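What's in coords-v7.cif: mmCIF, C-alpha atoms
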```cif
data_upload
#
loop_
_atom_site.label_atom_id
_atom_site.label_comp_id
_atom_site.auth_asym_id
_atom_site.auth_seq_id
_atom_site.Cartn_x
_atom_site.Cartn_y
_atom_site.Cartn_z
CA MET A 266 -51.13 -9.92 39.87
CA ASP A 267 -49.82 -7.38 37.35
CA ALA A 268 -52.42 -5.49 35.35
CA ALA A 269 -52.42 -5.49 31.57
CA PRO A 270 -50.22 -2.72 30.14
CA VAL A 271 -51.79 0.62 29.30
CA SER A 272 -50.48 3.43 27.13
CA PHE A 273 -48.66 5.38 29.83
CA ASP A 274 -46.42 4.83 32.81
CA SER A 275 -47.62 6.45 36.02
CA GLY A 276 -44.19 7.89 36.63
CA ASP A 277 -43.86 9.38 33.13
CA ASP A 278 -44.66 13.01 32.30
CA SER A 279 -46.83 11.71 29.45
CA SER A 280 -49.46 10.80 32.02
CA SER A 281 -50.37 14.50 32.16
CA CYS A 282 -50.79 14.80 28.38
CA LEU A 283 -54.26 15.26 26.96
CA ARG A 284 -55.42 12.48 24.69
CA HIS A 285 -58.46 12.17 22.47
CA ASP A 286 -58.13 8.56 21.35
CA TRP A 287 -59.25 6.52 24.35
CA THR A 288 -60.52 3.06 23.37
CA ARG A 289 -63.05 0.86 25.09
CA SER A 290 -60.56 -1.92 25.85
CA GLU A 291 -58.03 0.51 27.29
CA THR A 292 -60.69 2.21 29.43
CA GLU A 293 -61.93 -1.11 30.77
CA THR A 294 -58.38 -2.23 31.55
CA LEU A 295 -57.78 0.89 33.63
CA TYR A 296 -61.12 0.64 35.43
CA ASN A 297 -60.45 -2.97 36.36
CA LEU A 298 -56.99 -2.42 37.80
CA SER A 299 -56.51 -3.47 41.39
CA PHE A 300 -57.89 -0.73 43.61
CA PRO A 301 -54.46 0.28 45.03
CA ASP A 302 -52.94 0.48 41.54
CA LEU A 303 -55.84 2.50 40.15
CA ILE A 304 -55.78 4.99 43.03
CA PHE A 305 -52.00 5.29 42.81
CA ARG A 306 -52.15 6.13 39.12
CA ALA A 307 -54.98 8.62 39.61
CA GLN A 308 -53.30 10.30 42.59
CA THR A 309 -49.98 10.52 40.71
CA ILE A 310 -51.65 12.28 37.78
CA HIS A 311 -53.67 14.46 40.14
CA ARG A 312 -50.50 15.71 41.83
CA GLN A 313 -48.90 16.47 38.46
CA ASN A 314 -51.73 18.83 37.58
CA PHE A 315 -53.34 20.10 40.80
CA ASP A 316 -52.64 20.87 44.42
CA PRO A 317 -53.75 17.57 46.02
CA ASN A 318 -54.72 19.36 49.22
CA HIS A 319 -57.13 21.89 47.72
CA VAL A 320 -60.80 21.60 46.73
CA GLU A 321 -62.83 24.14 44.74
CA THR A 322 -66.26 25.21 45.96
CA ALA A 323 -69.25 26.30 43.90
CA SER A 324 -72.85 27.23 44.59
CA LEU A 325 -75.83 26.42 42.36
CA LEU A 326 -79.08 28.38 42.12
CA SER A 327 -82.19 27.56 40.12
CA ILE A 328 -83.09 30.94 38.61
CA LYS A 329 -86.05 29.46 36.73
CA THR A 330 -87.55 26.25 38.11
CA GLY A 331 -89.86 23.62 36.58
CA GLY A 332 -92.04 23.49 33.49
CA CYS A 333 -89.26 22.20 31.23
CA PRO A 334 -90.59 20.68 27.97
CA GLU A 335 -87.84 18.04 27.85
CA ASP A 336 -88.74 14.51 28.98
CA CYS A 337 -85.48 13.66 30.81
CA GLY A 338 -86.57 10.63 32.81
CA TYR A 339 -84.52 11.56 35.89
CA CYS A 340 -85.60 15.17 36.29
CA SER A 341 -88.01 16.70 38.78
CA GLN A 342 -88.35 19.81 36.59
CA SER A 343 -89.78 18.11 33.51
CA ALA A 344 -93.33 19.14 32.65
CA HIS A 345 -93.96 15.53 31.59
CA TYR A 346 -94.05 14.23 35.19
CA ASP A 347 -95.99 15.11 38.32
CA SER A 348 -92.99 15.41 40.64
CA GLY A 349 -94.50 18.10 42.81
CA VAL A 350 -92.15 20.82 41.53
CA LYS A 351 -94.07 23.92 40.53
CA ALA A 352 -93.01 25.98 37.53
CA THR A 353 -91.74 29.47 38.34
CA LYS A 354 -90.85 32.57 36.37
CA LEU A 355 -87.27 33.76 35.92
CA MET A 356 -86.02 35.28 39.15
CA ASP A 357 -85.40 39.01 39.50
CA LYS A 358 -81.78 40.04 39.15
CA GLU A 359 -81.71 41.58 42.63
CA ALA A 360 -82.74 38.29 44.26
CA VAL A 361 -80.13 36.37 42.28
CA ILE A 362 -77.38 38.81 43.23
CA GLU A 363 -78.29 38.69 46.90
CA THR A 364 -78.14 34.88 46.79
CA ALA A 365 -74.78 35.04 45.03
CA ARG A 366 -73.46 37.43 47.66
CA ARG A 367 -74.50 35.08 50.46
CA ALA A 368 -72.90 32.15 48.61
CA ARG A 369 -69.65 34.09 48.23
CA ASP A 370 -69.63 35.00 51.90
CA ALA A 371 -70.26 31.34 52.78
CA GLY A 372 -67.20 30.25 50.84
CA ALA A 373 -68.30 29.63 47.23
CA GLY A 374 -65.80 30.65 44.59
CA ARG A 375 -68.09 30.01 41.62
CA PHE A 376 -71.78 30.80 41.22
CA CYS A 377 -73.84 28.68 38.84
CA MET A 378 -77.23 29.82 37.51
CA ALA A 379 -79.61 27.17 36.18
CA ALA A 380 -82.82 27.65 34.23
CA ALA A 381 -85.22 24.86 33.28
CA TRP A 382 -85.52 25.67 29.57
CA ARG A 383 -85.14 23.64 26.41
CA ASN A 384 -83.37 26.71 25.09
CA PRO A 385 -83.47 30.36 26.24
CA LYS A 386 -85.50 33.03 24.46
CA ASP A 387 -83.49 36.09 23.54
CA ARG A 388 -85.43 38.34 25.92
CA ASP A 389 -84.69 35.96 28.79
CA LEU A 390 -81.05 35.76 27.75
CA ASP A 391 -80.82 39.55 28.08
CA ARG A 392 -81.81 39.25 31.72
CA VAL A 393 -79.42 36.35 32.34
CA CYS A 394 -76.56 38.34 30.83
CA ASP A 395 -77.36 41.15 33.27
CA MET A 396 -77.17 38.63 36.12
CA VAL A 397 -73.83 37.33 34.87
CA ARG A 398 -72.34 40.82 34.77
CA ALA A 399 -73.56 41.55 38.30
CA VAL A 400 -72.20 38.28 39.73
CA LYS A 401 -68.83 38.97 38.11
CA GLU A 402 -68.76 42.29 39.95
CA LEU A 403 -68.92 40.31 43.21
CA GLY A 404 -65.58 38.75 42.32
CA MET A 405 -66.95 35.26 41.61
CA GLU A 406 -66.51 32.92 38.67
CA THR A 407 -69.75 32.48 36.76
CA CYS A 408 -71.45 29.45 35.26
CA ALA A 409 -74.84 29.01 33.61
CA THR A 410 -76.93 26.11 32.40
CA LEU A 411 -79.85 27.23 30.24
CA GLY A 412 -80.41 24.37 27.81
CA MET A 413 -79.38 24.38 24.17
CA LEU A 414 -77.66 27.46 22.76
CA THR A 415 -77.24 28.94 19.31
CA PRO A 416 -73.78 30.23 18.36
CA ASP A 417 -75.00 33.82 18.78
CA GLN A 418 -76.41 33.13 22.26
CA ALA A 419 -73.15 31.53 23.36
CA LYS A 420 -71.26 34.58 22.08
CA ARG A 421 -73.55 36.94 24.00
CA LEU A 422 -73.01 35.02 27.23
CA HIS A 423 -69.25 35.16 26.75
CA GLU A 424 -69.39 38.89 26.09
CA ALA A 425 -71.37 39.34 29.30
CA GLY A 426 -68.50 37.75 31.22
CA LEU A 427 -69.71 34.16 31.65
CA ASP A 428 -66.81 31.86 32.48
CA PHE A 429 -68.36 28.37 32.21
CA TYR A 430 -71.32 26.87 30.40
CA ASN A 431 -72.77 23.69 31.88
CA HIS A 432 -74.43 21.22 29.53
CA ASN A 433 -74.15 17.60 30.67
CA VAL A 434 -74.14 14.65 28.29
CA ASP A 435 -75.81 12.71 31.16
CA THR A 436 -74.76 9.19 30.16
CA SER A 437 -73.32 7.08 27.36
CA PRO A 438 -74.57 7.44 23.78
CA GLU A 439 -75.90 3.86 24.04
CA PHE A 440 -78.00 4.48 27.18
CA TYR A 441 -79.05 8.02 26.33
CA GLY A 442 -82.17 7.12 24.34
CA LYS A 443 -83.54 5.12 27.28
CA ILE A 444 -83.83 8.20 29.47
CA ILE A 445 -84.41 11.09 27.02
CA THR A 446 -86.31 11.29 23.72
CA THR A 447 -86.95 15.02 23.21
CA ARG A 448 -83.30 16.04 22.78
CA THR A 449 -80.59 14.01 21.08
CA MET A 450 -77.03 13.46 22.17
CA GLN A 451 -75.96 15.33 19.04
CA ASP A 452 -78.03 18.32 20.19
CA ARG A 453 -75.93 18.35 23.35
CA ILE A 454 -72.65 17.98 21.48
CA ASP A 455 -73.63 20.86 19.18
CA THR A 456 -74.32 23.15 22.14
CA LEU A 457 -70.96 22.23 23.68
CA ALA A 458 -69.30 23.14 20.39
CA HIS A 459 -71.14 26.48 20.22
CA ALA A 460 -70.08 27.32 23.77
CA ARG A 461 -66.46 26.31 23.10
CA ASP A 462 -66.32 28.27 19.83
CA ALA A 463 -67.61 31.36 21.65
CA GLY A 464 -64.72 31.18 24.12
CA LEU A 465 -66.59 29.70 27.06
CA LYS A 466 -65.11 27.01 29.28
CA LEU A 467 -67.15 23.84 29.53
CA CYS A 468 -68.69 22.18 32.57
CA CYS A 469 -69.92 18.82 31.36
CA GLY A 470 -70.40 15.47 33.03
CA GLY A 471 -73.19 13.05 33.76
CA ILE A 472 -75.35 11.09 36.15
CA ILE A 473 -74.84 7.59 37.51
CA GLY A 474 -77.30 5.34 39.30
CA MET A 475 -80.14 5.57 36.77
CA GLY A 476 -79.99 1.90 35.83
CA GLU A 477 -77.08 2.15 33.42
CA GLN A 478 -74.33 -0.45 33.35
CA VAL A 479 -70.67 0.12 34.20
CA GLY A 480 -69.97 0.10 30.47
CA ASP A 481 -72.27 3.09 30.07
CA ARG A 482 -70.36 5.01 32.71
CA LEU A 483 -67.11 4.26 30.93
CA GLY A 484 -68.70 5.25 27.62
CA MET A 485 -69.70 8.60 29.10
CA LEU A 486 -66.11 9.30 30.19
CA MET A 487 -64.79 8.23 26.79
CA LEU A 488 -67.19 10.64 25.10
CA LEU A 489 -65.99 13.53 27.27
CA ALA A 490 -62.28 12.71 27.12
CA ASN A 491 -62.35 12.25 23.33
CA LEU A 492 -63.93 15.64 22.62
CA PRO A 493 -61.62 18.00 20.68
CA ALA A 494 -60.93 19.59 24.07
CA PRO A 495 -62.23 17.90 27.23
CA PRO A 496 -64.40 19.95 29.61
CA GLU A 497 -62.51 22.09 32.08
CA SER A 498 -64.97 20.92 34.74
CA VAL A 499 -66.46 17.41 34.91
CA PRO A 500 -69.32 16.99 37.40
CA ILE A 501 -70.14 13.42 38.45
CA ASN A 502 -73.69 13.25 39.81
CA MET A 503 -75.36 10.41 41.66
CA TRP A 504 -79.04 10.36 40.83
CA ASN A 505 -81.12 11.99 43.54
CA GLU A 506 -84.39 10.24 44.28
CA VAL A 507 -87.29 12.12 42.67
CA THR A 508 -91.00 11.37 42.91
CA ALA A 509 -92.95 10.21 39.85
CA VAL A 510 -90.19 10.12 37.23
CA PRO A 511 -89.47 7.06 35.03
CA VAL A 512 -85.94 6.50 36.34
CA ASN A 513 -87.47 5.36 39.63
CA ALA A 514 -88.22 2.05 37.90
CA THR A 515 -84.59 1.39 36.98
CA ALA A 516 -82.51 3.36 39.49
CA GLU A 517 -79.88 1.57 41.54
CA ARG A 518 -77.45 3.42 43.78
CA PRO A 519 -73.86 2.72 42.67
CA ASP A 520 -71.57 0.61 44.79
CA PRO A 521 -69.27 3.04 46.68
CA ILE A 522 -66.08 1.43 45.38
CA ALA A 523 -67.46 1.61 41.83
CA LEU A 524 -67.99 5.35 42.31
CA VAL A 525 -64.40 5.83 43.49
CA ARG A 526 -63.15 3.82 40.52
CA LEU A 527 -65.11 6.11 38.18
CA ILE A 528 -63.66 9.23 39.79
CA ALA A 529 -60.16 7.80 39.45
CA LEU A 530 -60.78 6.96 35.81
CA ALA A 531 -62.06 10.48 35.11
CA ARG A 532 -58.88 11.87 36.66
CA ILE A 533 -56.64 9.64 34.54
CA MET A 534 -58.49 10.24 31.28
CA MET A 535 -58.91 14.00 31.79
CA PRO A 536 -55.80 14.94 33.78
CA LYS A 537 -56.23 18.70 33.57
CA SER A 538 -59.98 18.84 34.23
CA VAL A 539 -61.50 19.65 37.60
CA VAL A 540 -63.58 16.65 38.70
CA ARG A 541 -66.54 17.65 40.83
CA LEU A 542 -68.54 15.57 43.28
CA SER A 543 -71.95 16.99 42.46
CA ALA A 544 -75.48 15.78 43.20
CA GLY A 545 -75.95 12.86 45.56
CA ARG A 546 -73.34 13.73 48.15
CA GLN A 547 -75.97 13.54 50.88
CA TYR A 548 -75.93 9.78 50.28
CA MET A 549 -72.15 9.56 50.76
CA THR A 550 -70.36 8.87 54.00
CA ASP A 551 -67.41 11.02 54.96
CA GLU A 552 -65.17 8.04 54.25
CA LEU A 553 -66.53 7.67 50.72
CA GLN A 554 -66.01 11.35 49.99
CA ALA A 555 -62.47 11.12 51.34
CA LEU A 556 -61.73 8.24 48.95
CA CYS A 557 -63.15 10.29 46.06
CA PHE A 558 -60.81 13.17 46.91
CA LEU A 559 -57.93 10.71 47.06
CA ALA A 560 -58.95 9.41 43.63
CA GLY A 561 -58.77 12.91 42.12
CA ALA A 562 -62.04 14.73 42.82
CA ASN A 563 -61.26 18.36 43.60
CA SER A 564 -64.50 20.32 43.55
CA ILE A 565 -67.83 20.27 45.39
CA PHE A 566 -71.08 22.20 45.44
CA ILE A 567 -71.82 23.82 48.78
CA GLY A 568 -75.23 24.84 50.10
CA ASP A 569 -78.17 22.92 51.48
CA VAL A 570 -80.00 22.57 48.13
CA LEU A 571 -78.96 21.75 44.55
CA LEU A 572 -81.77 22.98 42.30
CA THR A 573 -84.64 20.94 43.80
CA THR A 574 -82.72 18.26 45.71
CA LYS A 575 -80.81 18.11 48.98
CA ASN A 576 -77.10 18.66 49.51
CA PRO A 577 -74.92 18.28 52.62
CA GLN A 578 -74.86 21.32 54.88
CA THR A 579 -71.88 23.61 54.41
CA VAL A 580 -70.89 23.14 58.03
CA ARG A 581 -70.53 19.39 57.42
CA ASP A 582 -68.37 20.03 54.36
CA ALA A 583 -66.13 22.41 56.30
CA ALA A 584 -65.74 19.87 59.09
CA LEU A 585 -64.84 17.05 56.70
CA LEU A 586 -62.29 19.09 54.76
CA GLU A 587 -60.73 20.28 58.01
CA ARG A 588 -60.39 16.69 59.25
CA LEU A 589 -58.74 15.71 55.96
CA GLY A 590 -56.37 18.68 55.98
CA ILE A 591 -57.75 19.85 52.62
CA ARG A 592 -57.93 23.58 51.99
CA SER A 593 -60.87 25.30 50.30
CA PRO A 594 -62.48 28.76 50.11
CA LEU A 595 -64.52 27.63 53.13
CA ASP A 596 -61.41 28.36 55.21
CA ASP A 597 -61.58 32.07 54.41
CA ALA A 598 -65.34 32.10 54.99
CA LYS A 599 -64.73 30.93 58.57
CA VAL A 600 -67.60 28.44 58.45
CA CYS A 601 -68.18 27.09 61.94
CA ALA A 602 -67.29 23.39 61.85
CA PRO A 603 -68.21 21.14 64.77
CA SER A 604 -65.32 19.50 66.58
CA HIS A 605 -64.72 15.74 66.38
#
```
What do you get writing this file as structure tokens?
Amino acid sequence: MDAAPVSFDSGDDSSSCLRHDWTRSETETLYNLSFPDLIFRAQTIHRQNFDPNHVETASLLSIKTGGCPEDCGYCSQSAHYDSGVKATKLMDKEAVIETARRARDAGAGRFCMAAAWRNPKDRDLDRVCDMVRAVKELGMETCATLGMLTPDQAKRLHEAGLDFYNHNVDTSPEFYGKIITTRTMQDRIDTLAHARDAGLKLCCGGIIGMGEQVGDRLGMLMLLANLPAPPESVPINMWNEVTAVPVNATAERPDPIALVRLIALARIMMPKSVVRLSAGRQYMTDELQALCFLAGANSIFIGDVLLTTKNPQTVRDAALLERLGIRSPLDDAKVCAPSH
């Protein structure tokens, strides 16, 4: 059965154009296309904007863990919940650089530094800027997620050489208040604007599987796609199980096909953005990840740990990408992949 018409033809160059006027009805129509039609449209747009046989790799390090004053109901690092994660001080620069060097040698092209703050103090930002400069000297792209930023702090990070600032919207505006009360959605939008105005690229996505509805997932993508400029990097996270946080009461792991549909929709709505499979990949089969790549995902985090939660081993990632014939920086790192 033919799907309802949408505002572009998959064979038209306009399918690569950035738009900022996505509507709910149009988004739902796309999401509900037959699976073959949806994947075809997403893959067509993907090929118009990216090498379909290449995946980016990034590594994520928690440079300051736990003790966060925010009450994000999904997070192991919130001081509001007894998740078993102990608060730590900001890491020394030397330890961060050594970790970045190992990540580079293992095949990571981008190094992301995360600190569990509501917002950084200026003295801490000085130290983070030093880390950014040192990581840049290793030849890696740099990313940081430090909480809310002022315009001046965003400018300082850009001057230090930071490439990307990560600040996720997490979910739809409608569902947001059910998982966070200490920071508003507008707070997040303001920080994104400060980072963008300072010249930083944006890494911004969200989390699925917290108990939200499909409409909330679509609302999250609409929010991102309809920004004045969509994020250059869009991480899609599946919620990782965490002890003693409120989301445990509502969490429900997404249906695999629903996840692939969401990836495809992100690719269609943000044709020039990198779409990253982020947290939760340890729950995914190789087949599910392969479908996500087919739908337009083209970035992953490598390394055994993402902040405080598990991640597939790099050797497994290398093996999967090799089986799929997809190139990545892991090829140059010569990661030993088991034969199949």
For this session: Would you kindly identify which residues have an atom no farther than 9 Å from (-73.3, 28.8, 37.6), using all atoms listed in the file and the file's own coordinates, and write them out as a ChimeraX atom specification?
Result: /A:323-326,375-379,397,406-410,427-431
For C-alpha atoms, I'd like the residues from the last selection saved as an mmCIF file, in the coordinates of the input.
```cif
data_model
loop_
_atom_site.group_PDB
_atom_site.id
_atom_site.type_symbol
_atom_site.label_atom_id
_atom_site.label_comp_id
_atom_site.auth_asym_id
_atom_site.auth_seq_id
_atom_site.Cartn_x
_atom_site.Cartn_y
_atom_site.Cartn_z
ATOM 1 C CA ALA A 323 -69.250 26.300 43.900
ATOM 2 C CA SER A 324 -72.850 27.230 44.590
ATOM 3 C CA LEU A 325 -75.830 26.420 42.360
ATOM 4 C CA LEU A 326 -79.080 28.380 42.120
ATOM 5 C CA ARG A 375 -68.090 30.010 41.620
ATOM 6 C CA PHE A 376 -71.780 30.800 41.220
ATOM 7 C CA CYS A 377 -73.840 28.680 38.840
ATOM 8 C CA MET A 378 -77.230 29.820 37.510
ATOM 9 C CA ALA A 379 -79.610 27.170 36.180
ATOM 10 C CA VAL A 397 -73.830 37.330 34.870
ATOM 11 C CA GLU A 406 -66.510 32.920 38.670
ATOM 12 C CA THR A 407 -69.750 32.480 36.760
ATOM 13 C CA CYS A 408 -71.450 29.450 35.260
ATOM 14 C CA ALA A 409 -74.840 29.010 33.610
ATOM 15 C CA THR A 410 -76.930 26.110 32.400
ATOM 16 C CA LEU A 427 -69.710 34.160 31.650
ATOM 17 C CA ASP A 428 -66.810 31.860 32.480
ATOM 18 C CA PHE A 429 -68.360 28.370 32.210
ATOM 19 C CA TYR A 430 -71.320 26.870 30.400
ATOM 20 C CA ASN A 431 -72.770 23.690 31.880
#
```
For this session: Carefully work through the PyMOL selection byres ((chain A and resi 380-386) around 9) for this structure and note down the residues it includes, as JSON, numbers by chain.
Result: {"A": [326, 327, 328, 329, 330, 331, 332, 333, 334, 335, 342, 343, 352, 355, 378, 379, 387, 388, 389, 390, 391, 409, 410, 411, 412, 413, 414, 415, 418, 448]}
For this session: Select, from A:Glu424, A:Ala494, A:Ile454, A:Asn505, the residue with the minimum atom-to-atom distance to Glu517 (chain A), counting all atoms listed in the file.
Result: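 Counting all atoms listed in the file, the residue closest to Glu517 (chain A) is A:Asn505.
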Region 361-443 of chain A near region 485-493 of chain A within 12 Å: what's each residue's closest atom pair and its distance in Å to one decimal, counting only C-alpha atoms, ordered by chain then ascending residue number, as a Markdown table?
```
| residue | atom | partner | partner_atom | distance |
| --- | --- | --- | --- | --- |
| A:His432 | CA | A:Leu489 | CA | 11.6 |
| A:Asn433 | CA | A:Leu489 | CA | 9.7 |
| A:Val434 | CA | A:Met485 | CA | 7.5 |
| A:Asp435 | CA | A:Met485 | CA | 7.6 |
| A:Thr436 | CA | A:Met485 | CA | 5.2 |
| A:Ser437 | CA | A:Met485 | CA | 4.3 |
| A:Pro438 | CA | A:Met485 | CA | 7.3 |
| A:Glu439 | CA | A:Met485 | CA | 9.3 |
| A:Phe440 | CA | A:Met485 | CA | 9.5 |
| A:Tyr441 | CA | A:Met485 | CA | 9.8 |
```
Exercise. For the file shown, what are the residues hit by the PyMOL selection byres ((chain A and resi 293) around 10), laid out as a list in words?
Worked result: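 Taken on the displayed file, the PyMOL selection byres ((chain A and resi 293) around 10) yields the residues Thr288, Arg289, Ser290, Glu291, Thr292, Thr294, Leu295, Tyr296, Asn297, Leu298, Val479, Gly480, Leu483, Gly484 and Leu530 of chain A.
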Applied to the shown file, which residues does the PyMOL selection byres ((chain A and resi 308) around 9) return, written as a CSV table (one decimal) with C-alpha atoms, in the frame of the given file?
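result-v5.csv, written as the output of this step:
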```csv
chain,number,residue,atom,x,y,z
A,303,LEU,CA,-55.8,2.5,40.2
A,304,ILE,CA,-55.8,5.0,43.0
A,305,PHE,CA,-52.0,5.3,42.8
A,306,ARG,CA,-52.2,6.1,39.1
A,307,ALA,CA,-55.0,8.6,39.6
A,309,THR,CA,-50.0,10.5,40.7
A,310,ILE,CA,-51.6,12.3,37.8
A,311,HIS,CA,-53.7,14.5,40.1
A,312,ARG,CA,-50.5,15.7,41.8
A,313,GLN,CA,-48.9,16.5,38.5
A,317,PRO,CA,-53.8,17.6,46.0
A,529,ALA,CA,-60.2,7.8,39.4
A,532,ARG,CA,-58.9,11.9,36.7
A,533,ILE,CA,-56.6,9.6,34.5
A,559,LEU,CA,-57.9,10.7,47.1
A,560,ALA,CA,-59.0,9.4,43.6
A,561,GLY,CA,-58.8,12.9,42.1
```
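Taking CA of Trp287 (chain A) and CA of Leu527 (chain A) as the two end points, the separation is 15.0 Å.
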Exercise. What is the distance, in Å and to one decimal place, between CA of Met356 (chain A) and CA of Val540 (chain A)?
Worked result: 29.2 Å
Exercise. With all atoms listed in the file as the basis for distance, which of A:Asp417, A:Asp370, A:Asp302, A:Glu321 is at the shortest distance from Leu542 (chain A)?
Worked result: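 Counting all atoms listed in the file, the residue closest to Leu542 (chain A) is A:Glu321.
Compared by their closest atoms to Ala516 (chain A), and using all atoms listed in the file, the residues A:Gly545, A:Gly374, A:Gly474, A:Gly442 rank with A:Gly474 nearest.
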Polymer residues at most 9 Å from Ile501 (chain A), all atoms listed in the file, same-chain spacing of 6 or more positions, as an mmCIF file with C-alpha atoms, in the coordinates of the input:
```cif
data_model
loop_
_atom_site.group_PDB
_atom_site.id
_atom_site.type_symbol
_atom_site.label_atom_id
_atom_site.label_comp_id
_atom_site.auth_asym_id
_atom_site.auth_seq_id
_atom_site.Cartn_x
_atom_site.Cartn_y
_atom_site.Cartn_z
ATOM 1 C CA CYS A 469 -69.920 18.820 31.360
ATOM 2 C CA GLY A 470 -70.400 15.470 33.030
ATOM 3 C CA GLY A 471 -73.190 13.050 33.760
ATOM 4 C CA ILE A 472 -75.350 11.090 36.150
ATOM 5 C CA ILE A 473 -74.840 7.590 37.510
ATOM 6 C CA LEU A 527 -65.110 6.110 38.180
ATOM 7 C CA ILE A 528 -63.660 9.230 39.790
ATOM 8 C CA VAL A 540 -63.580 16.650 38.700
ATOM 9 C CA ARG A 541 -66.540 17.650 40.830
ATOM 10 C CA LEU A 542 -68.540 15.570 43.280
ATOM 11 C CA SER A 543 -71.950 16.990 42.460
ATOM 12 C CA ALA A 544 -75.480 15.780 43.200
#
```
Exercise. Which residue out of A:Arg453, A:Pro495, A:Asp551, A:Gly338 has the minimum interatomic distance to Asp286 (chain A) when all atoms listed in the file are used?
Worked result: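 Closest residue, counting all atoms listed in the file: A:Pro495.
Take CA of Val361 (chain A) and CA of Asp452 (chain A): the distance between them is 28.6 Å.
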For this session: Give as number ranges by chain each residue that has an atom at most 8 Å from (-55.0, 16.6, 26.2) in the file, counting only C-alpha atoms.
Result: A: 281-285, 494-495, 535-537
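The environment of Asn513 (chain A) within 10 Å, counting all atoms listed in the file and disregarding residues fewer than 5 places along the same chain, consists of Gly338, Tyr339, Met475, Gly476, Trp504, Asn505, Glu506, Val507 and Thr508 of chain A.
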Problem set entry | Pick from A:Gly464, A:Gly349, A:Pro416, A:Pro594, whichever lies nearest to Ile567 (chain A) using only C-alpha atoms |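 Distance minimum relative to Ile567 (chain A) lands on A:Pro594.
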What would region 310-314 of chain A look like with all heavy atoms restored, written as a PDB file, keeping the file's coordinate frame?
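Result file is result02.pdb:
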```pdb
ATOM      1  N   ILE A 310     -51.268  11.327  38.818  1.00  0.00           N
ATOM      2  CA  ILE A 310     -51.650  12.280  37.780  1.00  0.00           C
ATOM      3  C   ILE A 310     -52.269  13.531  38.407  1.00  0.00           C
ATOM      4  O   ILE A 310     -52.020  14.663  37.966  1.00  0.00           O
ATOM      5  CB  ILE A 310     -52.620  11.612  36.786  1.00  0.00           C
ATOM      6  CG1 ILE A 310     -51.854  10.573  35.962  1.00  0.00           C
ATOM      7  CG2 ILE A 310     -53.286  12.643  35.885  1.00  0.00           C
ATOM      8  CD1 ILE A 310     -52.724   9.739  35.056  1.00  0.00           C
ATOM      9  N   HIS A 311     -53.048  13.332  39.450  1.00  0.00           N
ATOM     10  CA  HIS A 311     -53.670  14.460  40.140  1.00  0.00           C
ATOM     11  C   HIS A 311     -52.591  15.417  40.656  1.00  0.00           C
ATOM     12  O   HIS A 311     -52.690  16.641  40.489  1.00  0.00           O
ATOM     13  CB  HIS A 311     -54.527  13.931  41.290  1.00  0.00           C
ATOM     14  CG  HIS A 311     -55.367  14.970  41.952  1.00  0.00           C
ATOM     15  ND1 HIS A 311     -56.247  15.769  41.262  1.00  0.00           N
ATOM     16  CD2 HIS A 311     -55.469  15.341  43.259  1.00  0.00           C
ATOM     17  CE1 HIS A 311     -56.861  16.588  42.102  1.00  0.00           C
ATOM     18  NE2 HIS A 311     -56.397  16.353  43.321  1.00  0.00           N
ATOM     19  N   ARG A 312     -51.564  14.872  41.259  1.00  0.00           N
ATOM     20  CA  ARG A 312     -50.500  15.710  41.830  1.00  0.00           C
ATOM     21  C   ARG A 312     -49.676  16.403  40.747  1.00  0.00           C
ATOM     22  O   ARG A 312     -49.082  17.457  41.005  1.00  0.00           O
ATOM     23  CB  ARG A 312     -49.580  14.844  42.708  1.00  0.00           C
ATOM     24  CG  ARG A 312     -50.209  14.449  44.023  1.00  0.00           C
ATOM     25  CD  ARG A 312     -49.382  13.460  44.809  1.00  0.00           C
ATOM     26  NE  ARG A 312     -50.027  13.187  46.099  1.00  0.00           N
ATOM     27  CZ  ARG A 312     -49.773  13.861  47.220  1.00  0.00           C
ATOM     28  NH1 ARG A 312     -48.870  14.833  47.217  1.00  0.00           N
ATOM     29  NH2 ARG A 312     -50.404  13.556  48.337  1.00  0.00           N
ATOM     30  N   GLN A 313     -49.625  15.836  39.553  1.00  0.00           N
ATOM     31  CA  GLN A 313     -48.900  16.470  38.460  1.00  0.00           C
ATOM     32  C   GLN A 313     -49.637  17.689  37.910  1.00  0.00           C
ATOM     33  O   GLN A 313     -49.030  18.536  37.246  1.00  0.00           O
ATOM     34  CB  GLN A 313     -48.648  15.465  37.336  1.00  0.00           C
ATOM     35  CG  GLN A 313     -47.651  14.378  37.690  1.00  0.00           C
ATOM     36  CD  GLN A 313     -47.570  13.299  36.634  1.00  0.00           C
ATOM     37  OE1 GLN A 313     -48.423  13.229  35.745  1.00  0.00           O
ATOM     38  NE2 GLN A 313     -46.559  12.449  36.723  1.00  0.00           N
ATOM     39  N   ASN A 314     -50.919  17.784  38.193  1.00  0.00           N
ATOM     40  CA  ASN A 314     -51.730  18.830  37.580  1.00  0.00           C
ATOM     41  C   ASN A 314     -52.426  19.756  38.569  1.00  0.00           C
ATOM     42  O   ASN A 314     -52.842  20.857  38.194  1.00  0.00           O
ATOM     43  CB  ASN A 314     -52.786  18.187  36.670  1.00  0.00           C
ATOM     44  CG  ASN A 314     -52.164  17.498  35.474  1.00  0.00           C
ATOM     45  OD1 ASN A 314     -51.815  18.139  34.485  1.00  0.00           O
ATOM     46  ND2 ASN A 314     -52.002  16.180  35.561  1.00  0.00           N
TER      47      ASN A 314
END
```
